[in-house]
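A short worksheet on the structure shown next.
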Amino acid sequence: MIREVAWRVFAGEYNDSSYVYTEGGERAPSYVVTPLGARINRLLVVGVITEVENIATEEEPMWRARLEDSTGTFYISAGQYQPEAAQQLAKLEPPVFAAVMGKSRVYSPEEGTIYVSIRPEMVTKVSEDLRDFWVLEACKNLRERITAMKEAQQMDPLTKEGLIALGYKERLADGIVRAKQHYLDLEVDKYSGMLIDALRYLLPEFREQADVKEETVDEEKEDKETDVLKLIESLDKNGKGASWEDILKGAKKAGIKKDELEEIANELLDKGLVYEPVLGRMKKI
Amino acid sequence: MDREQIAPHVEDIKRALDDKVSEDQIAGELENYLNVYRVPLDSAKRSIVRKYGGNPAGLQVGVQKKLAELAPNEPSVSLLARVVSVNPKEIQVNGNAKNILYGILGDDTATVPFTAWEVENLEMEKGDTVRVENAYTKEYRGQVQINFGNRTTISPESPEAVPPFTPGPATVRPAKVADLREGFGGVSMTVRILSLEEREVMVEGNKKMVYSGVMADETGKAQFTAWKDYGLKEGDVLKIEGGYIRTWRGIPQLNFDERAEVNIVDEDFPSMDDLKTSPRIWIEDLIERGGAVDTTVRGILVDVKEGSGLIYRCPECRRVLRKNACRIHGEVEGEADLRIKAVIDDGSGAITAIFGRELTEKFLNKSMDVCIDMAKEAMTHEVVRDDLADMLIAQPIEVQGNVTRDDFGIMMIVNSAEVLKIEVEKEAREMLDDLEGLT
């Protein structure tokens with residue numbers, strides 16, 4: 001059996017995935033397909049580990065970690081079946097640059113909703129230089145997928161063979177066709193923006209600007225953040241955090257749409273005002 | 001397969017089971033194996049016989065194949081072929097002399113070497129057309145070999161039963177080195193010879209000089225063998241029409257002989273120096289190609305596998321010892337060695353890379369003797385592997401060497417290696433300019 005490749009993919013794209021499939025048969029590998037057609041069984045990500053926490057017992061630990069890249073957060077969890085990775089995770093002292101290679105995992109609390117995470121096989125501390133190297137690789141691969149997806153949108157009918165004839169490898173062509181069928185309202189431009197931001201992230205002349213942008217927050221957004229934070233606190237009745245479904249309902253009543261809510265929730269997570277004790281639940285810190 | 005096609009096989013299974021199981025039941029089973037589980041016919045039949053308590057050796061109707069379709073390690077094959085050559089040979093088995101026959105079988109698709117281990121009552125002559133039942137295949141040096149054992153039956157057939165062998169397809173296949181794949185015939189290509197050596201081989205009992213070496217074009221390098229003296233020299237640019245490809249451990253090699261048109265040409269072609277550089281190849285392409293000579297791969301080293309670091313080898317056979325014992329020679333006094341078995345992933349695929357002692361010492365910046373002392377002090381060899389893992393995992397690395405393939409994927413024996421310096425700004429700026437130029 002040929003070893004599965006480790007995809008370099010940004011959190012912003014990986015976390016947008018809502019499609020997973022398994023090739024028939026026992027022990028067949030399963031794949032998370034991103035909106036741009038990355039068909040991921042294994043991935044290699046590099047970024048900043050901002051949190052590491054044992055959410056189970058001392059004897060049978062289950063380590064959870066968050067790894068941030070410039071586009072979002074990867075959720076990582078390792079238990080007794082990943083002893084080496086768990087040990088490595090436990091040793092890290094956040095914040096720290098780290099590389100994580102692992103298998104794609106999905107958690108689906110209800111039909112139609114999936115959360116993706118990483119079950120690590122390898123975790124290691126790295127240099128900032130390596131992080132930059134990874135970002136560049138991820139950019140190159142993202143660019144290829146954006147181009148392929150744009151071509152795919154022009155093709156009628158869209159076939160794997162057609163994409164291969166354009167010079168794409170089977171691996172990507174297959175993923176693109178699957179993604180195109182599943183993600184009906186795909187906005188490729190969102191990812192083009194992500195690509196440009198990620199490239200700027202690597203260039204010193206853009207670094208300062210990025211800092212300035214963060215300081216000028218618009219007030220309306222700040223108000224909504226406060227509202228959502230209060231909502232999360234009020235929904236957390238048993239101390240285990242508020243479920244995403246409840247937050248979604250509450251936000252809808254307050255006139256906040258799903259997209260906006262996701263953005264706000266990410267903002268709150270980034271600011272460290274809330275965290276996810278388990279996937280799909282949020283708790284105020 | 002439909003009922004009519006499988007009928008002889010159902011019959012065969014029934015006979016092997018001494019008529020204890022009904023034809024319908026067997027047919028149902030066989031269809032299930034073939035059509036639902038897609039098990040190859042041959043192993044489906046054997047599985048069914050075993051399932052009902054019979055002995056698969058009782059099966060007589062093998063799966064008839066063309067020679068080009070044969071795979072290694074098939075336990076029972078049937079063939080219709082012409083004897084291209086046959087020679088007697090005396091070998092030693094457990095100290096006793098034994099007569100065997102060896103030679104070559106051919107049909108319209110290929111020629112394959114064979115060995116007959118039981119020669120009593122076996123009459124085969126060059127040019128005969130034969131039906132072979134219940135032969136088995138093995139692999140030797142990457143090539144399929146047919147074996148006739150004591151269950152094999154050979155019967156004469158009329159010469160018309162096998163269409164004549166046509167060397168290569170009628171159409172010429174123009175190719176670059178990177179396009180070469182196992183089984184290609186009629187290959188037409190222009191290459192420069194980078195190195196050349198003569199060697200003597202035995203062909204049908206006669207000595208023969210062959211000329212082999214490494215050739216290249218702008219897409220890569222490959223080995224070649226010329227089965228005739230063309231007066232070749234290093235640096236010659238050759239135009240070959242009608243070559244054919246054989247692979248060794250997944251590496252495609254070009255062969256050409258008197259059936260091919262070979263000319264030394266004087267045309268514009270990349271220089272020796274340009275061709276000697278080792279081109280960088282995506283691992284995905286190497287997997288598809290199977291193997292390659294002198295290739296460069298660039299990726300991130302993601303694993304230092306078990307069996308890396310300080311190891312001990314059997315002094316007899318160089319196998320790595322486990323718990324101080326060799327798989328073949330039992331408990332022996334091992335000889336220390338250093339190596340790394342790593343996995344390198346470049347985002348398109350993954351390859352196993354083996355680094356020998358010299359490179360391992362270079363990475364560790366320690367001699368093997370120092371490693372042995374380290375291991376003694378720590379009371380485990382694993383310290384060396386741990387050191388290597390700390391040093392190498394998640395490092396971007398460039399490795400160069402030959403790539404071969406086996407059942408577990410592709411593997412490079414690393415010739416030279418270098419941890420890459422990371423310079424991202426320039427590339428990032430270029431890509432950004434490129435993208436913003438579009439908007």
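Each chain of the structure tokens is named A, B, ... in the order shown, its residues numbered from 1; ligands are numbered from 1 in display order.
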
Using only C-alpha atoms, select each residue of chain A with any atom at most 8 Å away from an atom of chain B, and give the selection as a ChimeraX atom specification.
/A:1-8,99,101,122,124,126,129-130,132-133,136,196,199-200,202-203

Residues from last step as file, N, CA and C atoms, as a CSV table (one decimal), in the first residue's frame:
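The result, stored in part_23.csv:
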chain,number,residue,atom,x,y,z
A,1,MET,N,0.9,-1.2,0.0
A,1,MET,CA,0.0,0.0,0.0
A,1,MET,C,0.9,1.2,0.0
A,2,ILE,N,0.6,2.1,-0.9
A,2,ILE,CA,1.4,3.3,-1.0
A,2,ILE,C,1.1,4.3,0.2
A,3,ARG,N,2.1,4.8,0.8
A,3,ARG,CA,1.9,5.7,1.9
A,3,ARG,C,1.2,7.0,1.5
A,4,GLU,N,0.2,7.4,2.3
A,4,GLU,CA,-0.6,8.6,2.0
A,4,GLU,C,0.3,9.8,2.1
A,5,VAL,N,0.2,10.7,1.1
A,5,VAL,CA,0.9,12.0,1.1
A,5,VAL,C,0.4,12.9,2.3
A,6,ALA,N,1.3,13.7,2.8
A,6,ALA,CA,0.9,14.7,3.8
A,6,ALA,C,0.7,16.0,3.1
A,7,TRP,N,-0.6,16.4,3.1
A,7,TRP,CA,-1.0,17.7,2.4
A,7,TRP,C,-0.5,18.9,3.3
A,8,ARG,N,-0.1,19.9,2.6
A,8,ARG,CA,0.2,21.2,3.2
A,8,ARG,C,-1.1,22.1,2.9
A,99,ALA,N,5.7,21.8,14.3
A,99,ALA,CA,5.1,21.1,13.1
A,99,ALA,C,4.4,19.9,13.6
A,101,MET,N,2.3,16.5,12.1
A,101,MET,CA,1.8,15.6,11.0
A,101,MET,C,0.8,14.7,11.6
A,122,MET,N,3.1,12.8,14.5
A,122,MET,CA,4.4,13.4,14.8
A,122,MET,C,4.2,14.8,15.2
A,124,THR,N,6.6,18.2,16.6
A,124,THR,CA,8.0,18.6,17.0
A,124,THR,C,8.1,20.1,17.0
A,126,VAL,N,9.8,23.5,16.1
A,126,VAL,CA,10.5,23.9,14.9
A,126,VAL,C,10.9,25.4,15.0
A,129,ASP,N,11.9,30.0,10.9
A,129,ASP,CA,12.2,29.8,9.5
A,129,ASP,C,11.5,28.6,8.8
A,130,LEU,N,11.4,27.5,9.6
A,130,LEU,CA,10.7,26.4,9.0
A,130,LEU,C,9.2,26.7,8.8
A,132,ASP,N,8.0,29.6,8.1
A,132,ASP,CA,7.9,30.4,6.8
A,132,ASP,C,8.0,29.5,5.6
A,133,PHE,N,8.9,28.5,5.7
A,133,PHE,CA,9.1,27.6,4.6
A,133,PHE,C,7.7,26.8,4.3
A,136,LEU,N,5.1,29.0,2.7
A,136,LEU,CA,5.4,29.1,1.2
A,136,LEU,C,4.9,27.9,0.5
A,196,ILE,N,-3.2,35.6,-0.9
A,196,ILE,CA,-2.5,36.8,-1.0
A,196,ILE,C,-2.1,37.3,0.5
A,199,LEU,N,0.8,35.2,1.6
A,199,LEU,CA,2.1,35.6,1.0
A,199,LEU,C,2.6,36.9,1.7
A,200,ARG,N,1.7,37.8,1.9
A,200,ARG,CA,2.1,39.1,2.5
A,200,ARG,C,2.7,38.8,3.9
A,202,LEU,N,4.6,36.6,4.8
A,202,LEU,CA,6.0,36.3,4.7
A,202,LEU,C,6.9,37.4,4.4
A,203,LEU,N,6.3,38.6,4.1
A,203,LEU,CA,7.2,39.7,3.6
A,203,LEU,C,7.2,40.8,4.7

Hey, what's within 6 Å of Gly213 of chain B if we count only C-alpha atoms and toss same-chain stuff fewer than 6 positions away? As a list of chain:residue names, please?
B:Ser195, B:Leu196, B:Glu197, B:Gln223, B:Phe224

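Between Pro95 of chain A and the residues A:Asn54, A:Thr113, A:Ile49, A:Leu67, the shortest atom-to-atom distance, using only C-alpha atoms, involves A:Ile49.
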
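With atom CA of Thr295 of chain B on one side and atom CA of Arg145 of chain A on the other, the separation reads 26.6 Å.
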
Could you give me the residues within segment 276-377 of chain B that DSSP places in strand (DSSP E or B), as a PyMOL selection string?
chain B and resi 280+292-304+309-313+320+322+325-326+330-331+335-345+350-355
